[in-house]
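Colleague: data-v3.csv is reproduced below (CSV, C-alpha atoms).
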chain,number,residue,atom,x,y,z
A,1,MET,CA,0.0,0.0,0.0
A,2,LYS,CA,1.2,3.5,-0.9
A,3,LEU,CA,0.1,6.8,0.6
A,4,LYS,CA,-0.8,9.4,-1.9
A,5,ILE,CA,0.4,13.0,-1.3
A,6,ALA,CA,-0.3,16.1,-3.3
A,7,ILE,CA,2.2,18.9,-3.4
A,8,GLN,CA,2.5,22.1,-5.5
A,9,LYS,CA,3.9,21.5,-9.0
A,10,SER,CA,5.3,25.1,-9.1
A,11,GLY,CA,5.2,28.2,-7.1
A,12,ARG,CA,6.2,29.4,-3.6
A,13,LEU,CA,5.7,26.1,-1.8
A,14,TYR,CA,7.2,23.8,-4.3
A,15,ASP,CA,10.9,24.0,-3.4
A,16,ASP,CA,10.3,23.8,0.4
A,17,SER,CA,7.9,20.9,0.0
A,18,VAL,CA,10.4,18.9,-2.1
A,19,THR,CA,13.2,19.8,0.3
A,20,LEU,CA,11.1,18.6,3.3
A,21,LEU,CA,10.4,15.2,1.6
A,22,LYS,CA,14.1,14.7,0.8
A,23,GLU,CA,15.2,15.8,4.3
A,24,CYS,CA,12.8,13.1,5.6
A,25,GLY,CA,14.9,10.6,3.7
A,26,ILE,CA,12.3,10.1,0.9
A,27,GLU,CA,13.9,9.6,-2.5
A,28,PHE,CA,12.1,10.3,-5.7
A,29,ASN,CA,12.4,11.7,-9.2
A,30,ASN,CA,10.9,15.2,-9.2
A,31,SER,CA,11.3,16.2,-12.9
A,32,LEU,CA,9.3,19.3,-13.6
A,33,ASN,CA,7.5,17.6,-16.5
A,34,LYS,CA,6.1,14.9,-14.2
A,35,LEU,CA,2.6,15.2,-12.7
A,36,LYS,CA,3.0,11.9,-10.7
A,37,THR,CA,5.9,9.9,-9.3
A,38,GLU,CA,6.7,7.3,-6.6
A,39,ALA,CA,9.2,7.3,-3.8
A,40,PHE,CA,11.9,4.7,-4.1
A,41,ASN,CA,12.3,4.0,-0.4
A,42,PHE,CA,9.0,4.9,1.3
A,43,PRO,CA,5.4,3.9,0.5
A,44,LEU,CA,4.5,7.2,-1.0
A,45,GLU,CA,3.1,8.3,-4.3
A,46,ILE,CA,3.5,12.0,-5.1
A,47,PHE,CA,1.1,14.1,-7.2
A,48,PHE,CA,2.3,17.5,-8.5
A,49,LEU,CA,-0.8,19.8,-8.6
A,50,ARG,CA,-1.9,23.5,-8.7
A,51,ASP,CA,-1.9,24.8,-5.1
A,52,ASP,CA,-5.6,25.8,-5.4
A,53,ASP,CA,-6.6,22.2,-6.4
A,54,ILE,CA,-4.8,20.4,-3.5
A,55,PRO,CA,-7.6,20.8,-0.9
A,56,GLN,CA,-10.2,19.5,-3.3
A,57,TYR,CA,-8.1,16.4,-4.3
A,58,VAL,CA,-7.6,15.6,-0.6
A,59,ALA,CA,-11.3,16.2,0.3
A,60,ASP,CA,-12.3,14.0,-2.6
A,61,LYS,CA,-9.9,11.2,-1.5
A,62,VAL,CA,-8.0,11.3,-4.8
A,63,ALA,CA,-5.0,12.2,-2.6
A,64,ASP,CA,-4.7,11.0,1.0
A,65,ILE,CA,-2.7,13.9,2.3
A,66,GLY,CA,-1.4,17.2,0.8
A,67,ILE,CA,0.9,20.2,1.5
A,68,VAL,CA,-1.0,23.4,1.0
A,69,GLY,CA,-0.9,27.1,2.1
A,70,GLU,CA,-3.2,27.9,5.0
A,71,ASN,CA,-4.6,30.8,3.0
A,72,VAL,CA,-5.7,28.4,0.2
A,73,LEU,CA,-7.3,26.0,2.7
A,74,MET,CA,-9.3,28.7,4.4
A,75,GLU,CA,-10.5,30.1,1.1
A,76,LYS,CA,-11.6,26.7,-0.2
A,77,GLN,CA,-13.5,25.9,3.0
A,78,LEU,CA,-13.4,22.1,2.5
A,79,ASP,CA,-13.7,19.4,5.1
A,80,VAL,CA,-10.2,18.2,5.6
A,81,LYS,CA,-8.0,17.6,8.6
A,82,VAL,CA,-5.0,19.7,9.5
A,83,ILE,CA,-2.3,17.2,10.5
A,84,GLU,CA,0.8,19.3,11.0
A,85,ARG,CA,1.9,22.9,10.7
A,86,LEU,CA,5.1,22.8,8.6
A,87,GLY,CA,6.7,26.1,9.5
A,88,PHE,CA,7.7,27.2,5.9
A,89,GLY,CA,5.9,29.3,3.3
A,90,LYS,CA,5.1,32.0,5.9
A,91,CYS,CA,3.2,35.0,4.6
A,92,ARG,CA,0.1,37.1,5.4
A,93,LEU,CA,-3.1,38.0,3.6
A,94,SER,CA,-3.4,41.7,3.7
A,95,ILE,CA,-5.3,44.7,2.4
A,96,ALA,CA,-3.2,47.3,0.6
A,97,LEU,CA,-3.9,50.8,-0.8
A,98,PRO,CA,-2.1,53.1,-3.1
A,99,LYS,CA,0.6,54.9,-1.2
A,100,GLU,CA,-1.0,58.3,-1.7
A,101,LYS,CA,-4.3,57.3,-0.3
A,102,LYS,CA,-5.1,58.2,3.3
A,103,TYR,CA,-6.0,55.5,5.7
A,104,ALA,CA,-7.7,56.2,9.0
A,105,GLY,CA,-8.6,52.6,10.1
A,106,ILE,CA,-10.8,49.9,8.8
A,107,LYS,CA,-13.8,52.1,8.4
A,108,SER,CA,-11.8,53.8,5.5
A,109,LEU,CA,-12.7,50.7,3.4
A,110,GLU,CA,-16.4,51.5,3.5
A,111,GLY,CA,-17.7,51.7,0.0
A,112,LYS,CA,-14.4,50.9,-1.6
A,113,ARG,CA,-13.8,48.5,-4.5
A,114,ILE,CA,-11.3,45.7,-3.4
A,115,ALA,CA,-9.7,43.3,-5.9
A,116,THR,CA,-8.7,39.9,-4.6
A,117,SER,CA,-8.3,36.2,-5.3
A,118,TYR,CA,-9.6,35.4,-1.8
A,119,ASN,CA,-13.3,36.2,-2.1
A,120,ASN,CA,-14.5,34.0,0.8
A,121,ILE,CA,-11.8,35.2,3.3
A,122,LEU,CA,-12.3,38.8,2.4
A,123,THR,CA,-16.1,38.6,2.5
A,124,ALA,CA,-15.9,37.0,6.1
A,125,PHE,CA,-13.5,39.7,7.2
A,126,LEU,CA,-15.6,42.6,5.9
A,127,LYS,CA,-18.8,41.1,7.4
A,128,LYS,CA,-17.1,40.6,10.8
A,129,ASN,CA,-16.1,44.3,10.8
A,130,LYS,CA,-19.4,45.5,9.5
A,131,ILE,CA,-17.9,47.0,6.4
A,132,LYS,CA,-19.8,47.2,3.1
A,133,ALA,CA,-17.4,47.1,0.1
A,134,GLU,CA,-17.5,45.9,-3.5
A,135,ILE,CA,-15.3,42.9,-4.1
A,136,HIS,CA,-13.8,42.2,-7.5
A,137,GLU,CA,-12.7,38.6,-7.7
A,138,ILE,CA,-9.7,38.2,-10.1
A,139,SER,CA,-6.9,35.6,-10.4
A,140,GLY,CA,-3.3,36.7,-10.8
A,141,SER,CA,-1.8,40.2,-11.0
A,142,VAL,CA,-4.1,41.5,-8.3
A,143,GLU,CA,-1.5,44.3,-7.4
A,144,ILE,CA,-2.1,46.1,-10.7
A,145,ALA,CA,-5.9,46.6,-10.1
A,146,PRO,CA,-5.7,50.0,-8.5
A,147,GLY,CA,-3.3,51.3,-11.1
A,148,ILE,CA,-5.6,50.4,-14.0
A,149,GLY,CA,-8.7,51.8,-12.3
A,150,LEU,CA,-10.3,48.4,-11.5
A,151,ALA,CA,-10.2,48.8,-7.8
A,152,ASP,CA,-9.4,51.2,-4.9
A,153,ALA,CA,-7.6,48.6,-2.9
A,154,ILE,CA,-6.4,45.0,-3.1
A,155,CYS,CA,-6.4,42.0,-0.8
A,156,ASP,CA,-3.5,39.7,-1.5
A,157,LEU,CA,-0.6,37.6,-0.1
A,158,VAL,CA,2.4,39.5,1.2
A,159,SER,CA,5.8,38.1,2.0
A,160,SER,CA,8.5,40.7,1.9
A,161,GLY,CA,6.3,43.5,0.6
A,162,SER,CA,8.5,44.2,-2.3
A,163,THR,CA,5.8,43.5,-4.9
A,164,LEU,CA,3.5,46.0,-3.2
A,165,PHE,CA,6.2,48.6,-3.1
A,166,SER,CA,7.1,48.2,-6.7
A,167,ASN,CA,3.4,48.7,-7.6
A,168,GLY,CA,3.0,51.8,-5.5
A,169,LEU,CA,1.0,50.1,-2.7
A,170,ARG,CA,1.2,50.0,1.0
A,171,GLU,CA,-0.1,47.4,3.5
A,172,VAL,CA,-2.8,48.7,5.8
A,173,GLU,CA,-4.6,45.7,7.3
A,174,THR,CA,-3.5,42.1,7.9
A,175,ILE,CA,-6.5,39.7,7.6
A,176,MET,CA,-4.6,36.5,8.5
A,177,LYS,CA,-1.1,34.9,8.7
A,178,SER,CA,-0.4,31.8,6.7
A,179,GLU,CA,2.1,29.0,6.5
A,180,ALA,CA,2.3,25.6,4.8
A,181,LEU,CA,0.1,22.9,6.3
A,182,LEU,CA,0.0,19.1,5.9
A,183,ILE,CA,-3.6,18.2,5.5
A,184,GLY,CA,-5.4,14.8,5.2
A,185,ASN,CA,-8.8,13.5,4.3
A,186,ARG,CA,-11.0,12.2,7.1
A,187,GLY,CA,-11.4,8.7,5.7
A,188,LEU,CA,-7.9,7.2,6.0
A,189,SER,CA,-7.7,3.5,6.8
A,190,LYS,CA,-5.6,2.1,9.7
A,191,GLN,CA,-2.9,1.1,7.2
A,192,GLU,CA,-2.8,4.6,5.7
A,193,LEU,CA,-2.8,6.2,9.1
A,194,ALA,CA,0.2,4.0,10.1
A,195,ILE,CA,2.1,5.4,7.1
A,196,VAL,CA,1.1,8.9,8.0
A,197,ASP,CA,2.4,8.4,11.5
A,198,LYS,CA,5.8,7.3,10.2
A,199,PHE,CA,5.9,10.3,7.9
A,200,ILE,CA,5.0,12.7,10.7
A,201,PHE,CA,7.7,11.2,12.9
A,202,ARG,CA,10.2,12.1,10.2
A,203,ILE,CA,8.8,15.6,9.7
A,204,GLN,CA,9.0,16.4,13.4
A,205,ALA,CA,12.6,15.2,13.6
A,206,VAL,CA,13.5,17.5,10.7
A,207,LYS,CA,11.6,20.4,12.2
A,208,LYS,CA,13.3,20.0,15.7
A,209,ALA,CA,16.7,19.8,14.1
A,210,GLY,CA,16.1,23.1,12.3
A,211,LYS,CA,15.3,24.8,15.5
A,212,ASN,CA,18.4,23.6,17.4
A,213,LYS,CA,22.2,23.7,17.2
A,214,TYR,CA,24.7,21.2,18.4
A,215,ILE,CA,27.4,22.9,20.6
A,216,LEU,CA,30.8,21.8,21.7
A,217,LEU,CA,33.1,23.8,24.0
A,218,ASN,CA,36.0,23.6,26.3
A,219,ALA,CA,35.3,24.6,29.9
A,220,PRO,CA,37.5,25.0,33.0
A,221,ASN,CA,36.4,22.5,35.6
A,222,LYS,CA,36.1,25.2,38.3
A,223,ASN,CA,33.3,26.8,36.2
A,224,LEU,CA,31.6,23.6,35.1
A,225,ASP,CA,28.5,24.0,37.3
A,226,LYS,CA,27.9,27.5,36.0
A,227,ILE,CA,28.4,26.4,32.3
A,228,ILE,CA,26.1,23.4,32.7
A,229,SER,CA,23.4,25.5,34.1
A,230,LEU,CA,23.4,27.6,30.9
A,231,ILE,CA,23.1,24.6,28.5
A,232,PRO,CA,21.0,21.8,30.0
A,233,GLY,CA,20.4,20.3,26.6
A,234,MET,CA,17.8,17.6,25.9
A,235,LYS,CA,18.5,15.9,29.3
A,236,SER,CA,22.0,17.0,30.4
A,237,PRO,CA,25.2,17.9,28.7
A,238,THR,CA,27.9,15.3,27.8
A,239,ILE,CA,31.1,16.1,29.7
A,240,LEU,CA,34.4,14.5,28.7
A,241,PRO,CA,37.8,15.2,30.3
A,242,LEU,CA,40.5,16.9,28.1
A,243,ALA,CA,44.1,15.9,28.0
A,244,GLU,CA,44.9,19.2,29.7
A,245,LYS,CA,44.3,18.9,33.4
A,246,GLY,CA,41.5,21.1,34.8
A,247,TRP,CA,39.6,21.3,31.6
A,248,SER,CA,36.6,19.4,30.1
A,249,SER,CA,34.8,19.2,26.8
A,250,VAL,CA,31.1,19.9,27.0
A,251,HIS,CA,28.6,18.8,24.4
A,252,SER,CA,25.0,19.9,24.3
A,253,VAL,CA,22.1,21.2,22.2
A,254,LEU,CA,20.9,24.8,22.1
A,255,GLU,CA,17.6,26.2,20.8
A,256,GLU,CA,18.3,28.7,18.0
A,257,ASP,CA,16.0,31.3,19.5
A,258,VAL,CA,18.3,31.7,22.6
A,259,PHE,CA,21.5,30.8,20.8
A,260,TRP,CA,23.4,34.2,20.8
A,261,GLU,CA,22.3,35.2,24.3
A,262,VAL,CA,23.6,31.9,25.7
A,263,ILE,CA,26.8,32.0,23.7
A,264,GLU,CA,27.6,35.4,25.3
A,265,LYS,CA,26.9,34.0,28.8
A,266,LEU,CA,29.1,30.9,28.1
A,267,LYS,CA,32.1,33.1,27.1
A,268,ALA,CA,31.6,35.2,30.2
A,269,ALA,CA,31.7,32.0,32.3
A,270,GLY,CA,35.1,31.0,30.9
A,271,ALA,CA,34.1,28.7,27.9
A,272,GLN,CA,36.6,28.6,25.1
A,273,GLY,CA,36.9,27.0,21.7
A,274,ILE,CA,33.1,27.1,21.1
A,275,LEU,CA,32.1,25.1,18.1
A,276,VAL,CA,28.5,25.2,16.7
A,277,VAL,CA,27.2,22.5,14.3
A,278,PRO,CA,23.9,22.3,12.5
A,279,ILE,CA,21.7,19.3,13.3
A,280,GLU,CA,20.4,17.2,10.4
A,281,LYS,CA,17.8,15.2,12.3
A,282,MET,CA,16.7,15.3,16.0
A,283,VAL,CA,14.7,12.5,17.6
A,284,LEU,CA,13.6,12.9,21.2
Here is the file; what I need is its structure written in the form of C-alpha cells.

Modeller:
Amino acid sequence: MKLKIAIQKSGRLYDDSVTLLKECGIEFNNSLNKLKTEAFNFPLEIFFLRDDDIPQYVADKVADIGIVGENVLMEKQLDVKVIERLGFGKCRLSIALPKEKKYAGIKSLEGKRIATSYNNILTAFLKKNKIKAEIHEISGSVEIAPGIGLADAICDLVSSGSTLFSNGLREVETIMKSEALLIGNRGLSKQELAIVDKFIFRIQAVKKAGKNKYILLNAPNKNLDKIISLIPGMKSPTILPLAEKGWSSVHSVLEEDVFWEVIEKLKAAGAQGILVVPIEKMVL
C-alpha cells in the first residue's frame, strides 16, 4: 500500500515541499515535467498539482494527504483535517492601498472596490467588521488593479512587501497569517494512518533539528557547574575530560531562539573553543 500525497507543482511552496520530503529521507524523481511519481524507499506516491486544487483532491480522497498554504485551505472551505503545521511558506493575507491614499482605520474601506483572489476570506473579514465594500474577484496580478482603475484597494498575499512597493501600494490591514500545512482526508484506513504516523515522525525530527544547534566547547572544571546551568540540553550535557588537566569538553544542544544570548553568557563564564554545528535530524 502506498500513501498518496499532493504537493505544489510550481510556485512558492514547491521548493520547500520537495526539500522537506528529501530531508525526511524520501527519495524520488521530481522532474518538472512529471505530474506523478513514486518514492523509491518509502510507501509514498506523489502528485504535483496546482496549489488551489490540492484541498479538493484531498477532500475527494484522490490524494490521502497534501501540503498546501493555510490561505488556500481557508479560502476553499473544504472538510479536511490539518495534520501538521510545517513552518515554511510563511506570509500574510493583507489589504493594501495606493501609497498616496489616506487610511484612518478599517472604516476607511467602507464603499471601496477591493480586488482579490480570496473572495471567501475577504467577505468574512468585511462582514465581521461590518464594512460594506465591493469585491472584484480576479486571479493573478491583483496588485495592478488600483493602477488600471479596476479597484481602490487589493487583498493579496504579502511576504517581503517588495511587490506591493514596486506597484505603489502599502499594507494597511492584515487579515490572516499563513504557512504551509500538511492536510489529510478524514477517511484514511488504519494502514494509511500508520504510514502517515511514520511520515509525521520524520517531519517532526527535521523540524526539531532546524530549531536547534549542536554545541561543543572547552570549559575550566572550576566553572563547570555554571556552564552546565546555561546549557542543560535535551537531558543534560555530555562532559568529557580533556588531555589538559583542569579542563573538560562539554557537548549539548541549544535552541536557535536563545543561541546568541547563551553564547555570550558561556564566554563570560570562561568557555573557550566554542564550536557550533547544524543538526540534520533530531529524535527525542

Colleague: List as a list in words the protein and nucleic acid residues near stretch 224-229 of chain A, meaning an atom at most 10 Å away when all atoms listed in the file are counted, but skip any in the same chain fewer than 6 places from it.

Modeller: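 The contact residues come out as Leu217, Asn218, Ser236, Pro237, Thr238, Ile239, Trp247, Ser248, Ser249, Val250, His251, Ser252, Val262, Lys265, Leu266, Lys267, Ala268, Ala269, Gly270 and Ala271 of chain A.
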
Colleague: Could you list as a list in words every residue that has an atom within 9 Å of (-6.3, 30.6, 4.5), using the file's coordinates and counting only C-alpha atoms?

Modeller: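 Those within range, by chain then number, are Gly69, Glu70, Asn71, Val72, Leu73, Met74, Glu75, Lys76, Gln77, Leu93, Tyr118, Ile121, Met176, Lys177, Ser178 and Glu179 of chain A.
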
Colleague: Compile the contact shell of A:Gly140 as a list of chain:residue names: residues with an atom at most 10 Å away, counting only C-alpha atoms, same-chain residues fewer than 5 positions apart removed.

Modeller: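 With the cut-off at 10 Å, the set is A:Thr116, A:Ser117, A:Asp156.
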
Colleague: I need the residue nearest A:Lys90 from this list: A:Val62, A:Thr163, A:Asp152, A:Arg12. Use all atoms listed in the file for the distance.

Modeller: A:Arg12

Colleague: Which one of A:Met1, A:Ile279, A:Ile46, A:Leu109 sits closest to A:Ala205 if you count all atoms listed in the file?

Modeller: A:Ile279

Colleague: Take atom CA of A:Pro55 and atom CA of A:Gln191 and report the distance between them in Å, one decimal.

Modeller: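 Going from atom CA of A:Pro55 over to atom CA of A:Gln191 covers 21.8 Å.
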
Colleague: Between atom CA of A:Ile7 and atom CA of A:Asn185, what is the spacing in Å?

Modeller: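 Taking atom CA of A:Asn185 as the start and atom CA of A:Ile7 as the end point, the length is 14.5 Å.
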
Colleague: Between A:Leu164, A:Leu240, A:Leu254, A:Ile183, single out the one closest to A:Leu78, counting all atoms listed in the file.

Modeller: A:Ile183

Colleague: Counting only C-alpha atoms, figure out which residue out of A:Pro220, A:Gly184, A:Ala39, A:Phe259 gets nearest to A:Leu242.

Modeller: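 Closest to A:Leu242, using only C-alpha atoms: A:Pro220.
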
Colleague: Please compute the atom CA of A:Phe47-atom CA of A:Leu35 distance, one decimal, in Å.

Modeller: 5.8 Å

Colleague: Residues near A:Lys107, anyone? I mean within 9 Å using only C-alpha atoms, not counting same-chain ones fewer than 4 positions away, as a PyMOL selection string.

Modeller: chain A and resi 103+129-131

Colleague: With distances taken over all atoms listed in the file, which residue among A:Ser139, A:Asp79, A:Lys190, A:Lys211 lies nearest A:Tyr57?

Modeller: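 Among A:Ser139, A:Asp79, A:Lys190, A:Lys211, it is A:Asp79 that comes nearest to A:Tyr57.
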
Colleague: Contacts between stretch 19-27 of chain A and stretch 181-242 of chain A, please, where a residue of stretch 181-242 of chain A counts if it comes within 8 Å (with all atoms listed in the file); show its shortest atom pair and distance in Å to one decimal, rows by chain and ascending number, as a tab-separated table.

Modeller:
residue	atom	partner	partner_atom	distance
A:Phe199	CA	A:Cys24	CA	7.8
A:Arg202	CA	A:Cys24	CA	5.4
A:Ile203	CA	A:Cys24	CA	6.2
A:Val206	CA	A:Cys24	CA	6.8

Colleague: Using all atoms listed in the file, pick whichever of A:Leu150, A:Leu122, A:Leu44, A:Ala180 has the shortest atom-to-atom distance to A:Leu86.

Modeller: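 For A:Leu86, the nearest of the given residues is A:Ala180.
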
Colleague: For A:Phe201, please output as a PyMOL selection string all residues within 12 Å (counting all atoms listed in the file; exclusion window: fewer than 4 positions along the same chain).

Modeller: chain A and resi 24-25+83-84+194-197+205-208+281-284

Colleague: I'd like the neighbourhood of A:Pro98 as a PyMOL selection string, where a residue qualifies if any of its atoms comes within 6 Å (using all atoms listed in the file), though same-chain residues fewer than 3 positions away should be ignored.

Modeller: chain A and resi 101+168-169

Colleague: Now that the selection is made, can you save its residues with C-alpha atoms as a PDB file, in the frame of the given file?

Modeller:
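Final file, again29.pdb:
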ATOM      1  CA  LYS A 101      -4.300  57.300  -0.300  1.00  0.00           C
ATOM      2  CA  GLY A 168       3.000  51.800  -5.500  1.00  0.00           C
ATOM      3  CA  LEU A 169       1.000  50.100  -2.700  1.00  0.00           C
TER       4      LEU A 169
END

Colleague: Starting from the incomplete input, reconstruct N, CA and C atoms of stretch 212-246 of chain A and report them as a PDB file, in the coordinates of the input.

Modeller:
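Listed below is the output, part12.pdb:
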ATOM      1  N   ASN A 212      17.360  23.820  16.387  1.00  0.00           N
ATOM      2  CA  ASN A 212      18.400  23.600  17.400  1.00  0.00           C
ATOM      3  C   ASN A 212      19.787  23.547  16.765  1.00  0.00           C
ATOM      4  N   LYS A 213      20.792  23.790  17.584  1.00  0.00           N
ATOM      5  CA  LYS A 213      22.200  23.700  17.200  1.00  0.00           C
ATOM      6  C   LYS A 213      22.939  22.787  18.153  1.00  0.00           C
ATOM      7  N   TYR A 214      23.881  22.028  17.609  1.00  0.00           N
ATOM      8  CA  TYR A 214      24.700  21.200  18.400  1.00  0.00           C
ATOM      9  C   TYR A 214      25.972  22.046  18.804  1.00  0.00           C
ATOM     10  N   ILE A 215      26.309  22.088  20.093  1.00  0.00           N
ATOM     11  CA  ILE A 215      27.400  22.900  20.600  1.00  0.00           C
ATOM     12  C   ILE A 215      28.437  22.135  21.316  1.00  0.00           C
ATOM     13  N   LEU A 216      29.689  22.400  21.010  1.00  0.00           N
ATOM     14  CA  LEU A 216      30.800  21.800  21.700  1.00  0.00           C
ATOM     15  C   LEU A 216      31.708  22.917  22.211  1.00  0.00           C
ATOM     16  N   LEU A 217      32.209  22.783  23.422  1.00  0.00           N
ATOM     17  CA  LEU A 217      33.100  23.800  24.000  1.00  0.00           C
ATOM     18  C   LEU A 217      34.032  23.251  25.003  1.00  0.00           C
ATOM     19  N   ASN A 218      35.085  23.976  25.248  1.00  0.00           N
ATOM     20  CA  ASN A 218      36.000  23.600  26.300  1.00  0.00           C
ATOM     21  C   ASN A 218      35.747  24.506  27.523  1.00  0.00           C
ATOM     22  N   ALA A 219      35.710  23.868  28.699  1.00  0.00           N
ATOM     23  CA  ALA A 219      35.300  24.600  29.900  1.00  0.00           C
ATOM     24  C   ALA A 219      36.317  24.292  31.052  1.00  0.00           C
ATOM     25  N   PRO A 220      36.699  25.312  31.811  1.00  0.00           N
ATOM     26  CA  PRO A 220      37.500  25.000  33.000  1.00  0.00           C
ATOM     27  C   PRO A 220      36.645  24.330  34.047  1.00  0.00           C
ATOM     28  N   ASN A 221      37.210  23.293  34.636  1.00  0.00           N
ATOM     29  CA  ASN A 221      36.400  22.500  35.600  1.00  0.00           C
ATOM     30  C   ASN A 221      35.862  23.319  36.747  1.00  0.00           C
ATOM     31  N   LYS A 222      36.572  24.346  37.145  1.00  0.00           N
ATOM     32  CA  LYS A 222      36.100  25.200  38.300  1.00  0.00           C
ATOM     33  C   LYS A 222      34.810  25.900  37.939  1.00  0.00           C
ATOM     34  N   ASN A 223      34.522  26.054  36.627  1.00  0.00           N
ATOM     35  CA  ASN A 223      33.300  26.800  36.200  1.00  0.00           C
ATOM     36  C   ASN A 223      32.249  25.841  35.602  1.00  0.00           C
ATOM     37  N   LEU A 224      32.466  24.519  35.722  1.00  0.00           N
ATOM     38  CA  LEU A 224      31.600  23.600  35.100  1.00  0.00           C
ATOM     39  C   LEU A 224      30.115  23.726  35.495  1.00  0.00           C
ATOM     40  N   ASP A 225      29.890  23.851  36.776  1.00  0.00           N
ATOM     41  CA  ASP A 225      28.500  24.000  37.300  1.00  0.00           C
ATOM     42  C   ASP A 225      27.791  25.146  36.653  1.00  0.00           C
ATOM     43  N   LYS A 226      28.487  26.273  36.562  1.00  0.00           N
ATOM     44  CA  LYS A 226      27.900  27.500  36.000  1.00  0.00           C
ATOM     45  C   LYS A 226      27.586  27.256  34.500  1.00  0.00           C
ATOM     46  N   ILE A 227      28.534  26.664  33.777  1.00  0.00           N
ATOM     47  CA  ILE A 227      28.400  26.400  32.300  1.00  0.00           C
ATOM     48  C   ILE A 227      27.247  25.441  32.068  1.00  0.00           C
ATOM     49  N   ILE A 228      27.199  24.377  32.868  1.00  0.00           N
ATOM     50  CA  ILE A 228      26.100  23.400  32.700  1.00  0.00           C
ATOM     51  C   ILE A 228      24.760  23.961  32.913  1.00  0.00           C
ATOM     52  N   SER A 229      24.669  24.891  33.852  1.00  0.00           N
ATOM     53  CA  SER A 229      23.400  25.500  34.100  1.00  0.00           C
ATOM     54  C   SER A 229      22.875  26.348  32.940  1.00  0.00           C
ATOM     55  N   LEU A 230      23.792  26.770  32.074  1.00  0.00           N
ATOM     56  CA  LEU A 230      23.400  27.600  30.900  1.00  0.00           C
ATOM     57  C   LEU A 230      22.980  26.736  29.733  1.00  0.00           C
ATOM     58  N   ILE A 231      23.453  25.482  29.663  1.00  0.00           N
ATOM     59  CA  ILE A 231      23.100  24.600  28.500  1.00  0.00           C
ATOM     60  C   ILE A 231      22.682  23.236  29.020  1.00  0.00           C
ATOM     61  N   PRO A 232      21.484  23.116  29.513  1.00  0.00           N
ATOM     62  CA  PRO A 232      21.000  21.800  30.000  1.00  0.00           C
ATOM     63  C   PRO A 232      20.842  20.782  28.920  1.00  0.00           C
ATOM     64  N   GLY A 233      20.599  21.204  27.672  1.00  0.00           N
ATOM     65  CA  GLY A 233      20.400  20.300  26.600  1.00  0.00           C
ATOM     66  C   GLY A 233      19.124  19.504  26.686  1.00  0.00           C
ATOM     67  N   MET A 234      19.008  18.396  25.942  1.00  0.00           N
ATOM     68  CA  MET A 234      17.800  17.600  25.900  1.00  0.00           C
ATOM     69  C   MET A 234      17.545  16.961  27.280  1.00  0.00           C
ATOM     70  N   LYS A 235      18.593  16.455  27.897  1.00  0.00           N
ATOM     71  CA  LYS A 235      18.500  15.900  29.300  1.00  0.00           C
ATOM     72  C   LYS A 235      19.588  16.611  30.101  1.00  0.00           C
ATOM     73  N   SER A 236      20.852  16.336  29.787  1.00  0.00           N
ATOM     74  CA  SER A 236      22.000  17.000  30.400  1.00  0.00           C
ATOM     75  C   SER A 236      23.144  16.967  29.480  1.00  0.00           C
ATOM     76  N   PRO A 237      24.071  17.907  29.574  1.00  0.00           N
ATOM     77  CA  PRO A 237      25.200  17.900  28.700  1.00  0.00           C
ATOM     78  C   PRO A 237      26.102  16.679  28.828  1.00  0.00           C
ATOM     79  N   THR A 238      26.812  16.350  27.760  1.00  0.00           N
ATOM     80  CA  THR A 238      27.900  15.300  27.800  1.00  0.00           C
ATOM     81  C   THR A 238      29.158  16.004  28.202  1.00  0.00           C
ATOM     82  N   ILE A 239      29.854  15.458  29.200  1.00  0.00           N
ATOM     83  CA  ILE A 239      31.100  16.100  29.700  1.00  0.00           C
ATOM     84  C   ILE A 239      32.221  15.045  29.574  1.00  0.00           C
ATOM     85  N   LEU A 240      33.283  15.413  28.855  1.00  0.00           N
ATOM     86  CA  LEU A 240      34.400  14.500  28.700  1.00  0.00           C
ATOM     87  C   LEU A 240      35.706  15.247  29.110  1.00  0.00           C
ATOM     88  N   PRO A 241      36.604  14.546  29.823  1.00  0.00           N
ATOM     89  CA  PRO A 241      37.800  15.200  30.300  1.00  0.00           C
ATOM     90  C   PRO A 241      38.787  15.449  29.101  1.00  0.00           C
ATOM     91  N   LEU A 242      39.460  16.579  29.120  1.00  0.00           N
ATOM     92  CA  LEU A 242      40.500  16.900  28.100  1.00  0.00           C
ATOM     93  C   LEU A 242      41.834  16.426  28.576  1.00  0.00           C
ATOM     94  N   ALA A 243      42.781  16.347  27.636  1.00  0.00           N
ATOM     95  CA  ALA A 243      44.100  15.900  28.000  1.00  0.00           C
ATOM     96  C   ALA A 243      44.775  16.953  28.947  1.00  0.00           C
ATOM     97  N   GLU A 244      44.418  18.209  28.793  1.00  0.00           N
ATOM     98  CA  GLU A 244      44.900  19.200  29.700  1.00  0.00           C
ATOM     99  C   GLU A 244      44.184  19.205  31.004  1.00  0.00           C
ATOM    100  N   LYS A 245      44.896  19.042  32.095  1.00  0.00           N
ATOM    101  CA  LYS A 245      44.300  18.900  33.400  1.00  0.00           C
ATOM    102  C   LYS A 245      43.480  20.206  33.757  1.00  0.00           C
ATOM    103  N   GLY A 246      42.359  19.975  34.399  1.00  0.00           N
ATOM    104  CA  GLY A 246      41.500  21.100  34.800  1.00  0.00           C
ATOM    105  C   GLY A 246      40.548  21.588  33.807  1.00  0.00           C
TER     106      GLY A 246
END
